[in-house]
>>> print(open('input-v3.csv').read())   # CSV, C-alpha atoms and all ligand atoms
chain,number,residue,atom,x,y,z
A,1,MET,CA,49.6,143.1,1.8
A,2,LYS,CA,51.4,139.9,0.9
A,3,VAL,CA,50.8,136.8,3.0
A,4,ILE,CA,53.6,134.4,3.9
A,5,LYS,CA,52.1,131.0,4.5
A,6,ILE,CA,53.8,129.4,7.5
A,7,GLN,CA,54.9,126.0,6.4
A,8,ASN,CA,57.7,125.3,8.8
A,9,ARG,CA,56.7,122.9,11.5
A,10,ALA,CA,58.7,124.5,14.3
A,11,VAL,CA,57.3,127.9,13.5
A,12,ARG,CA,53.7,126.5,13.4
A,13,LYS,CA,54.3,125.0,16.8
A,14,LEU,CA,55.5,128.3,18.2
A,15,LEU,CA,52.5,130.1,16.7
A,16,LYS,CA,50.3,127.6,18.5
A,17,GLU,CA,52.1,128.2,21.8
A,18,MET,CA,51.6,132.0,21.3
A,19,ALA,CA,47.9,131.4,20.8
A,20,GLU,CA,47.8,129.2,24.0
A,21,VAL,CA,49.5,131.9,26.0
A,22,ALA,CA,47.2,134.6,24.6
A,23,GLY,CA,44.2,132.5,25.8
A,24,PHE,CA,45.7,132.3,29.3
A,25,LEU,CA,46.2,136.1,29.4
A,26,TRP,CA,42.6,136.7,28.4
A,27,GLN,CA,41.3,134.1,31.0
A,28,ARG,CA,43.4,135.7,33.7
A,29,GLY,CA,41.8,139.1,33.0
A,30,TRP,CA,45.2,140.6,32.1
A,31,ALA,CA,44.2,141.4,28.5
A,32,GLU,CA,41.4,144.0,28.5
A,33,ARG,CA,40.7,145.2,24.9
A,34,ASN,CA,44.0,145.2,23.0
A,35,ALA,CA,46.2,145.0,26.1
A,36,GLY,CA,49.5,143.2,25.8
A,37,ASN,CA,51.7,142.1,23.0
A,38,ILE,CA,54.2,139.3,22.2
A,39,SER,CA,57.1,138.7,19.9
A,40,VAL,CA,59.1,135.6,19.1
A,41,ASN,CA,62.4,135.4,17.4
A,42,ILE,CA,62.1,132.7,14.8
A,43,THR,CA,65.5,133.3,13.0
A,44,GLY,CA,67.0,130.1,11.9
A,45,LEU,CA,63.8,128.2,12.0
A,46,ALA,CA,62.2,129.4,8.7
A,47,ASP,CA,63.9,129.8,5.4
A,48,GLU,CA,64.2,133.5,6.2
A,49,LYS,CA,66.3,134.6,3.3
A,50,ASN,CA,63.8,133.4,0.8
A,51,LEU,CA,60.7,134.2,2.9
A,52,PHE,CA,60.8,137.9,2.1
A,53,THR,CA,61.1,139.6,-1.3
A,54,GLU,CA,61.6,143.2,-2.4
A,55,ASP,CA,57.8,143.2,-3.0
A,56,HIS,CA,57.1,143.2,0.7
A,57,PRO,CA,56.4,146.6,2.2
A,58,PHE,CA,59.4,148.1,3.9
A,59,PHE,CA,59.3,150.4,7.0
A,60,LYS,CA,62.1,152.5,8.4
A,61,LEU,CA,62.8,152.4,12.1
A,62,GLU,CA,63.8,155.4,14.2
A,63,THR,CA,66.4,153.4,16.1
A,64,GLU,CA,69.1,151.2,14.7
A,65,TYR,CA,69.3,147.6,15.9
A,66,PRO,CA,72.5,146.3,14.2
A,67,ASP,CA,72.5,143.0,16.2
A,68,LEU,CA,69.1,142.2,14.7
A,69,SER,CA,70.3,142.4,11.1
A,70,GLY,CA,68.4,139.9,9.0
A,71,LYS,CA,66.5,138.5,12.0
A,72,VAL,CA,62.9,137.4,11.6
A,73,PHE,CA,60.1,137.7,14.2
A,74,LEU,CA,56.5,136.7,14.7
A,75,ILE,CA,54.9,139.8,16.4
A,76,SER,CA,51.4,140.7,17.5
A,77,ILE,CA,49.5,143.3,15.5
A,78,THR,CA,48.8,146.6,17.2
A,79,GLY,CA,45.2,146.8,18.4
A,80,SER,CA,44.7,143.0,18.2
A,81,HIS,CA,43.0,141.4,21.1
A,82,MET,CA,44.5,138.5,23.0
A,83,ARG,CA,41.2,136.6,23.0
A,84,ASP,CA,41.3,136.8,19.2
A,85,LEU,CA,45.0,135.8,18.9
A,86,ALA,CA,44.0,132.7,21.0
A,87,ARG,CA,41.5,131.6,18.4
A,88,LYS,CA,43.0,132.9,15.2
A,89,PRO,CA,46.7,133.4,15.7
A,90,LYS,CA,47.6,133.8,12.0
A,91,ARG,CA,45.2,136.7,11.6
A,92,ASN,CA,46.6,138.5,14.6
A,93,VAL,CA,50.4,138.3,14.1
A,94,LEU,CA,52.8,139.6,11.5
A,95,LEU,CA,56.1,138.4,10.2
A,96,ILE,CA,58.9,141.0,10.1
A,97,ARG,CA,62.5,140.7,8.9
A,98,LEU,CA,65.0,143.4,9.7
A,99,ASN,CA,67.3,144.7,6.9
A,100,GLU,CA,71.0,144.4,7.0
A,101,LYS,CA,71.6,147.7,8.9
A,102,GLY,CA,68.9,146.9,11.4
A,103,ASN,CA,67.2,150.2,10.8
A,104,GLY,CA,64.1,149.0,8.9
A,105,TYR,CA,62.0,145.9,8.3
A,106,TRP,CA,60.0,144.1,5.7
A,107,MET,CA,56.6,143.1,6.8
A,108,ALA,CA,54.2,140.3,5.8
A,109,LEU,CA,50.9,138.9,7.0
A,110,ALA,CA,50.7,135.4,8.4
A,111,GLY,CA,47.1,135.1,7.5
A,112,LYS,CA,44.2,137.2,6.3
A,113,ASP,CA,44.1,141.0,7.0
A,114,ASN,CA,43.3,141.9,10.6
A,115,PRO,CA,40.4,144.4,10.6
A,116,THR,CA,42.1,146.3,13.5
A,117,GLY,CA,45.2,147.1,11.5
A,118,THR,CA,48.4,145.8,10.1
A,119,SER,CA,51.3,147.3,12.0
A,120,PRO,CA,53.4,145.6,14.6
A,121,THR,CA,52.6,146.4,18.3
A,122,SER,CA,53.0,150.0,19.4
A,123,GLU,CA,55.6,148.6,21.9
A,124,LEU,CA,57.9,147.7,19.0
A,125,PRO,CA,60.8,149.9,20.3
A,126,THR,CA,60.8,147.9,23.6
A,127,HIS,CA,60.4,144.5,21.9
A,128,LEU,CA,63.3,145.2,19.4
A,129,GLY,CA,65.4,146.8,22.1
A,130,ILE,CA,65.1,143.7,24.3
A,131,HIS,CA,65.7,141.2,21.4
A,132,GLN,CA,68.8,143.2,20.5
A,133,MET,CA,70.0,143.1,24.2
A,134,ILE,CA,69.5,139.3,24.2
A,135,ALA,CA,71.4,139.0,20.9
A,136,GLN,CA,74.3,141.0,22.4
A,137,ASN,CA,74.4,138.9,25.5
A,138,GLY,CA,74.1,135.6,23.7
A,139,GLY,CA,71.0,134.8,25.8
A,140,ASN,CA,68.7,131.9,24.9
A,141,GLU,CA,65.5,133.9,25.3
A,142,LYS,CA,63.4,134.1,22.1
A,143,THR,CA,60.1,135.4,23.5
A,144,VAL,CA,59.2,138.8,24.8
A,145,LEU,CA,55.8,139.0,26.4
A,146,HIS,CA,54.0,142.1,27.7
A,147,THR,CA,50.7,141.9,29.6
A,148,HIS,CA,48.6,144.0,32.1
A,149,VAL,CA,48.6,141.9,35.3
A,150,THR,CA,46.0,143.5,37.6
A,151,GLU,CA,47.7,142.5,40.9
A,152,LEU,CA,51.1,143.6,39.8
A,153,ILE,CA,49.9,146.9,38.5
A,154,ALA,CA,48.0,147.4,41.7
A,155,LEU,CA,51.2,147.0,43.7
A,156,THR,CA,52.8,149.9,41.8
A,157,GLN,CA,49.9,152.1,42.8
A,158,ILE,CA,51.3,151.9,46.3
A,159,LYS,CA,54.2,154.4,46.7
A,160,GLU,CA,56.0,152.2,49.2
A,161,TYR,CA,56.3,149.4,46.6
A,162,CYS,CA,57.6,151.6,43.8
A,163,ASN,CA,61.0,150.4,45.0
A,164,GLU,CA,62.8,147.3,43.6
A,165,LYS,CA,64.1,146.1,46.9
A,166,LYS,CA,60.7,146.3,48.6
A,167,LEU,CA,58.9,144.7,45.7
A,168,ASN,CA,61.2,141.7,45.4
A,169,ARG,CA,61.2,141.1,49.2
A,170,LEU,CA,57.4,141.1,49.0
A,171,PHE,CA,57.3,138.6,46.0
A,172,TRP,CA,59.8,136.3,47.6
A,173,THR,CA,58.3,136.2,51.1
A,174,MET,CA,54.7,135.7,50.0
A,175,HIS,CA,55.3,132.3,48.3
A,176,PRO,CA,58.2,129.8,48.3
A,177,GLU,CA,57.7,129.2,44.5
A,178,THR,CA,58.7,132.8,43.7
A,179,ALA,CA,62.0,132.6,45.6
A,180,ILE,CA,62.8,129.4,43.6
A,181,PHE,CA,61.6,130.2,40.1
A,182,VAL,CA,62.0,134.0,40.0
A,183,PRO,CA,65.3,134.2,42.1
A,184,ASP,CA,66.4,137.4,40.3
A,185,GLY,CA,63.1,139.1,41.0
A,186,VAL,CA,61.8,142.0,38.9
A,187,GLY,CA,63.4,145.2,37.7
A,188,PHE,CA,61.2,148.2,38.5
A,189,VAL,CA,60.6,150.7,35.6
A,190,PRO,CA,59.2,154.1,36.8
A,191,TYR,CA,56.2,155.4,34.8
A,192,SER,CA,56.9,156.6,31.3
A,193,THR,CA,54.6,156.9,28.2
A,194,PRO,CA,53.7,153.6,26.6
A,195,GLY,CA,55.3,153.0,23.2
A,196,SER,CA,58.0,155.5,23.8
A,197,GLN,CA,61.8,155.1,23.3
A,198,ASP,CA,62.2,156.3,26.9
A,199,ILE,CA,60.3,153.4,28.3
A,200,ALA,CA,62.2,151.0,26.0
A,201,ASP,CA,65.5,152.4,27.3
A,202,GLU,CA,64.4,152.1,31.0
A,203,THR,CA,63.2,148.5,30.4
A,204,LEU,CA,66.5,147.5,29.0
A,205,LYS,CA,68.2,148.7,32.1
A,206,ALA,CA,65.7,146.8,34.3
A,207,LEU,CA,66.3,143.6,32.3
A,208,GLU,CA,70.1,143.7,32.7
A,209,ASN,CA,69.8,141.6,35.9
A,210,HIS,CA,66.2,140.4,35.7
A,211,LYS,CA,63.9,138.3,33.5
A,212,VAL,CA,60.9,140.5,34.3
A,213,ALA,CA,60.5,144.3,34.2
A,214,LEU,CA,57.5,145.8,36.1
A,215,TRP,CA,56.2,149.0,34.5
A,216,GLU,CA,54.8,151.3,37.1
A,217,LYS,CA,51.0,151.7,36.7
A,218,HIS,CA,51.0,149.7,33.5
A,219,GLY,CA,52.1,146.1,33.4
A,220,VAL,CA,55.0,143.7,32.9
A,221,PHE,CA,57.5,142.6,30.3
A,222,ALA,CA,59.0,139.1,30.6
A,223,ILE,CA,61.7,137.3,28.6
A,224,ALA,CA,62.1,133.6,28.3
A,225,PRO,CA,63.0,130.9,25.8
A,226,GLY,CA,59.4,130.2,24.8
A,227,PRO,CA,55.9,131.8,25.3
A,228,LEU,CA,54.8,129.4,28.0
A,229,GLU,CA,57.9,129.9,30.0
A,230,ALA,CA,57.4,133.7,29.8
A,231,PHE,CA,53.8,133.3,31.0
A,232,ASP,CA,54.9,131.1,33.9
A,233,LEU,CA,57.3,133.7,35.2
A,234,ILE,CA,54.5,136.3,35.3
A,235,ASP,CA,52.0,133.9,36.7
A,236,ILE,CA,54.2,133.1,39.7
A,237,LEU,CA,54.7,136.8,40.5
A,238,ALA,CA,51.0,137.4,40.1
A,239,LYS,CA,50.3,134.6,42.7
A,240,SER,CA,52.6,136.3,45.3
A,241,ALA,CA,50.9,139.7,44.8
A,242,LYS,CA,47.5,138.0,45.0
A,243,ILE,CA,48.4,136.4,48.4
A,244,PHE,CA,49.6,139.7,49.7
A,245,PHE,CA,46.4,141.5,48.7
A,246,LEU,CA,44.1,138.7,49.9
A,247,VAL,CA,45.7,138.7,53.4
A,248,ARG,CA,45.6,142.5,53.5
A,249,SER,CA,41.9,142.6,52.5
A,250,ALA,CA,41.1,140.1,55.2
A,251,GLY,CA,42.3,142.7,57.6
A,252,TYR,CA,45.7,141.1,58.5
A,253,ASP,CA,49.3,141.9,57.8
A,254,PRO,CA,50.9,138.9,56.0
A,255,GLN,CA,53.6,137.2,58.1
A,256,GLY,CA,55.9,136.5,55.1
A,257,LEU,CA,58.6,133.9,55.0
A,258,THR,CA,61.6,134.5,57.4
A,259,ASP,CA,65.1,135.4,56.3
A,260,GLU,CA,66.2,131.9,57.2
A,261,GLN,CA,63.5,130.3,55.2
A,262,LEU,CA,64.4,132.5,52.2
A,263,LYS,CA,68.0,131.6,52.4
A,264,ILE,CA,67.2,127.9,52.1
A,265,LEU,CA,64.9,128.5,49.2
A,266,LYS,CA,67.5,130.6,47.3
A,267,ALA,CA,70.0,127.8,47.7
A,268,LEU,CA,67.4,125.5,46.3
A,269,ALA,CA,66.8,127.9,43.3
A,270,ASP,CA,70.4,127.2,42.2
A,271,LYS,CA,69.6,123.6,41.7
A,272,PHE,CA,66.8,124.3,39.2
A,301,LIG,P1,49.3,147.2,21.1
A,301,LIG,O1,47.9,146.9,20.8
A,301,LIG,O2,49.9,148.3,20.2
A,301,LIG,O3,50.2,146.0,21.2
A,301,LIG,O4,49.3,147.9,22.6
A,301,LIG,C1,48.9,147.2,23.7
A,301,LIG,C2,49.6,147.6,24.9
A,301,LIG,O5,49.5,146.9,25.9
A,301,LIG,C3,50.4,148.9,24.9
A,301,LIG,O6,51.2,148.9,26.1
A,302,ZN,ZN,50.6,147.7,27.7
>>> encode(input="input-v3.csv", output="structure tokens")
Amino acid sequence: MKVIKIQNRAVRKLLKEMAEVAGFLWQRGWAERNAGNISVNITGLADEKNLFTEDHPFFKLETEYPDLSGKVFLISITGSHMRDLARKPKRNVLLIRLNEKGNGYWMALAGKDNPTGTSPTSELPTHLGIHQMIAQNGGNEKTVLHTHVTELIALTQIKEYCNEKKLNRLFWTMHPETAIFVPDGVGFVPYSTPGSQDIADETLKALENHKVALWEKHGVFAIAPGPLEAFDLIDILAKSAKIFFLVRSAGYDPQGLTDEQLKILKALADKF
């Protein structure tokens, strides 16, 4: 397949940031085997109109994304490992450009062929659905990041916490940072088959009022302007869950912050 050499400085910087985040995911133990994926909307940064030609392979999509017409993304390759993306980002991501109708895309390699395959992530319906929602709302989020955060998945193995209200109360009361930097909390997505249109649809609902969607028994999806900011959102939530489990495994019930303390923190959140 044809390779597009990434020349643009801003895109190269973004690719570097994707690699940095991939390394963090691996180090945190959230990226077993090929777990996780990432996409970044680079429309407007590269010379996208001239980047792709008719010679590039074209793939039809099952769903139409009219608001993504002509948009260009860097997206992780299905089966690629985050530890590899950290070291060799160009070999582990693809460039895709949607056609005018938004019902298909041209694809190009960013580097040499990846031995694990050359298709975008199997979670493409969720990534594109989210980017389309952001485009419709005029949001500034360019990055969509999915990862398998052990502590967060563990929470969704407890029936009591498969409940958005309970989950968010837990996150906010375990650590002041969470109330300040993730003031909208997470949207809960009941279990559905990975890669399916169903899970994509449910994720969009969850992200209407949140920056993070927590997939029951699977992982999280976060949206943010850049890869590092998406990572930070997830990292803060993971910290809260970790504190909860640590106190529980020491044989205690966590006290949690009080309602009064939370109220003050939420007011602070408005200032950031
Ligand atoms: P991909 O390798 O297709 O990106 O899948 C990883 C994953 O986490 C699926 O949910
Ligand atoms: Zn996954």
>>> closest_residue(input="input-v3.csv", among="A:Ala267, A:Val182, A:Ala108, A:Leu214", to="Cys162 in chain A", atoms="only C-alpha atoms")
A:Leu214
>>> residues_near_ligand(input="input-v3.csv", ligand="ligand ZN 302 (chain A)", cutoff="8 Å", atoms="only C-alpha atoms and all ligand atoms", output="number ranges by chain")
A: 35-37, 123, 146-148, 194, 218-220
>>> write_last_selection(input="input-v3.csv", atoms="C-alpha atoms", output="CSV table (one decimal), keeping the file's coordinate frame")
chain,number,residue,atom,x,y,z
A,35,ALA,CA,46.2,145.0,26.1
A,36,GLY,CA,49.5,143.2,25.8
A,37,ASN,CA,51.7,142.1,23.0
A,123,GLU,CA,55.6,148.6,21.9
A,146,HIS,CA,54.0,142.1,27.7
A,147,THR,CA,50.7,141.9,29.6
A,148,HIS,CA,48.6,144.0,32.1
A,194,PRO,CA,53.7,153.6,26.6
A,218,HIS,CA,51.0,149.7,33.5
A,219,GLY,CA,52.1,146.1,33.4
A,220,VAL,CA,55.0,143.7,32.9
>>> atom_distance(input="input-v3.csv", atom1="CA of Leu94 in chain A", atom2="CA of Thr121 in chain A")
9.6 Å
>>> residues_around(input="input-v3.csv", residues="range 46-63 of chain A", least_positions_apart="4", cutoff="12 Å", atoms="all atoms listed in the file", output="PDB file with C-alpha atoms, in the frame of the given file")
ATOM      1  CA  MET A   1      49.600 143.100   1.800  1.00  0.00           C
ATOM      2  CA  LYS A   2      51.400 139.900   0.900  1.00  0.00           C
ATOM      3  CA  VAL A   3      50.800 136.800   3.000  1.00  0.00           C
ATOM      4  CA  ILE A   4      53.600 134.400   3.900  1.00  0.00           C
ATOM      5  CA  LYS A   5      52.100 131.000   4.500  1.00  0.00           C
ATOM      6  CA  ILE A   6      53.800 129.400   7.500  1.00  0.00           C
ATOM      7  CA  GLN A   7      54.900 126.000   6.400  1.00  0.00           C
ATOM      8  CA  ASN A   8      57.700 125.300   8.800  1.00  0.00           C
ATOM      9  CA  ARG A   9      56.700 122.900  11.500  1.00  0.00           C
ATOM     10  CA  ALA A  10      58.700 124.500  14.300  1.00  0.00           C
ATOM     11  CA  VAL A  11      57.300 127.900  13.500  1.00  0.00           C
ATOM     12  CA  ARG A  12      53.700 126.500  13.400  1.00  0.00           C
ATOM     13  CA  LEU A  14      55.500 128.300  18.200  1.00  0.00           C
ATOM     14  CA  ASN A  41      62.400 135.400  17.400  1.00  0.00           C
ATOM     15  CA  ILE A  42      62.100 132.700  14.800  1.00  0.00           C
ATOM     16  CA  LEU A  68      69.100 142.200  14.700  1.00  0.00           C
ATOM     17  CA  SER A  69      70.300 142.400  11.100  1.00  0.00           C
ATOM     18  CA  GLY A  70      68.400 139.900   9.000  1.00  0.00           C
ATOM     19  CA  LYS A  71      66.500 138.500  12.000  1.00  0.00           C
ATOM     20  CA  VAL A  72      62.900 137.400  11.600  1.00  0.00           C
ATOM     21  CA  PHE A  73      60.100 137.700  14.200  1.00  0.00           C
ATOM     22  CA  LEU A  74      56.500 136.700  14.700  1.00  0.00           C
ATOM     23  CA  LEU A  95      56.100 138.400  10.200  1.00  0.00           C
ATOM     24  CA  ILE A  96      58.900 141.000  10.100  1.00  0.00           C
ATOM     25  CA  ARG A  97      62.500 140.700   8.900  1.00  0.00           C
ATOM     26  CA  LEU A  98      65.000 143.400   9.700  1.00  0.00           C
ATOM     27  CA  ASN A  99      67.300 144.700   6.900  1.00  0.00           C
ATOM     28  CA  GLU A 100      71.000 144.400   7.000  1.00  0.00           C
ATOM     29  CA  LYS A 101      71.600 147.700   8.900  1.00  0.00           C
ATOM     30  CA  GLY A 102      68.900 146.900  11.400  1.00  0.00           C
ATOM     31  CA  ASN A 103      67.200 150.200  10.800  1.00  0.00           C
ATOM     32  CA  GLY A 104      64.100 149.000   8.900  1.00  0.00           C
ATOM     33  CA  TYR A 105      62.000 145.900   8.300  1.00  0.00           C
ATOM     34  CA  TRP A 106      60.000 144.100   5.700  1.00  0.00           C
ATOM     35  CA  MET A 107      56.600 143.100   6.800  1.00  0.00           C
ATOM     36  CA  ALA A 108      54.200 140.300   5.800  1.00  0.00           C
ATOM     37  CA  LEU A 109      50.900 138.900   7.000  1.00  0.00           C
ATOM     38  CA  ALA A 110      50.700 135.400   8.400  1.00  0.00           C
ATOM     39  CA  THR A 118      48.400 145.800  10.100  1.00  0.00           C
ATOM     40  CA  SER A 119      51.300 147.300  12.000  1.00  0.00           C
ATOM     41  CA  PRO A 120      53.400 145.600  14.600  1.00  0.00           C
ATOM     42  CA  LEU A 124      57.900 147.700  19.000  1.00  0.00           C
ATOM     43  CA  PRO A 125      60.800 149.900  20.300  1.00  0.00           C
ATOM     44  CA  THR A 126      60.800 147.900  23.600  1.00  0.00           C
ATOM     45  CA  LEU A 128      63.300 145.200  19.400  1.00  0.00           C
ATOM     46  CA  GLY A 129      65.400 146.800  22.100  1.00  0.00           C
ATOM     47  CA  GLN A 132      68.800 143.200  20.500  1.00  0.00           C
ATOM     48  CA  SER A 196      58.000 155.500  23.800  1.00  0.00           C
ATOM     49  CA  GLN A 197      61.800 155.100  23.300  1.00  0.00           C
ATOM     50  CA  ASP A 198      62.200 156.300  26.900  1.00  0.00           C
ATOM     51  CA  ALA A 200      62.200 151.000  26.000  1.00  0.00           C
ATOM     52  CA  ASP A 201      65.500 152.400  27.300  1.00  0.00           C
TER      53      ASP A 201
END
>>> residues_near_point(input="input-v3.csv", point="(56.6, 132.2, 28.0)", cutoff="12 Å", atoms="all atoms listed in the file", output="ChimeraX atom specification")
/A:14,17-22,24-25,38-40,141-147,211-212,221-236
>>> write_last_selection(input="input-v3.csv", atoms="C-alpha atoms", output="compact mmCIF listing (two decimals), in the frame of the given file")
# COMPACT_ATOMS: atom_id res chain seq x y z
CA LEU A 14 55.50 128.30 18.20
CA GLU A 17 52.10 128.20 21.80
CA MET A 18 51.60 132.00 21.30
CA ALA A 19 47.90 131.40 20.80
CA GLU A 20 47.80 129.20 24.00
CA VAL A 21 49.50 131.90 26.00
CA ALA A 22 47.20 134.60 24.60
CA PHE A 24 45.70 132.30 29.30
CA LEU A 25 46.20 136.10 29.40
CA ILE A 38 54.20 139.30 22.20
CA SER A 39 57.10 138.70 19.90
CA VAL A 40 59.10 135.60 19.10
CA GLU A 141 65.50 133.90 25.30
CA LYS A 142 63.40 134.10 22.10
CA THR A 143 60.10 135.40 23.50
CA VAL A 144 59.20 138.80 24.80
CA LEU A 145 55.80 139.00 26.40
CA HIS A 146 54.00 142.10 27.70
CA THR A 147 50.70 141.90 29.60
CA LYS A 211 63.90 138.30 33.50
CA VAL A 212 60.90 140.50 34.30
CA PHE A 221 57.50 142.60 30.30
CA ALA A 222 59.00 139.10 30.60
CA ILE A 223 61.70 137.30 28.60
CA ALA A 224 62.10 133.60 28.30
CA PRO A 225 63.00 130.90 25.80
CA GLY A 226 59.40 130.20 24.80
CA PRO A 227 55.90 131.80 25.30
CA LEU A 228 54.80 129.40 28.00
CA GLU A 229 57.90 129.90 30.00
CA ALA A 230 57.40 133.70 29.80
CA PHE A 231 53.80 133.30 31.00
CA ASP A 232 54.90 131.10 33.90
CA LEU A 233 57.30 133.70 35.20
CA ILE A 234 54.50 136.30 35.30
CA ASP A 235 52.00 133.90 36.70
CA ILE A 236 54.20 133.10 39.70
>>> closest_residue(input="input-v3.csv", among="A:Glu160, A:Glu216, A:Asp184, A:Asp67", to="ligand LIG 301 (chain A)", atoms="all atoms listed in the file")
A:Glu216
>>> closest_residue(input="input-v3.csv", among="A:Pro66, A:Gly117, A:Gly256, A:Pro89", to="ligand LIG 301 (chain A)", atoms="only C-alpha atoms and all ligand atoms")
A:Gly117
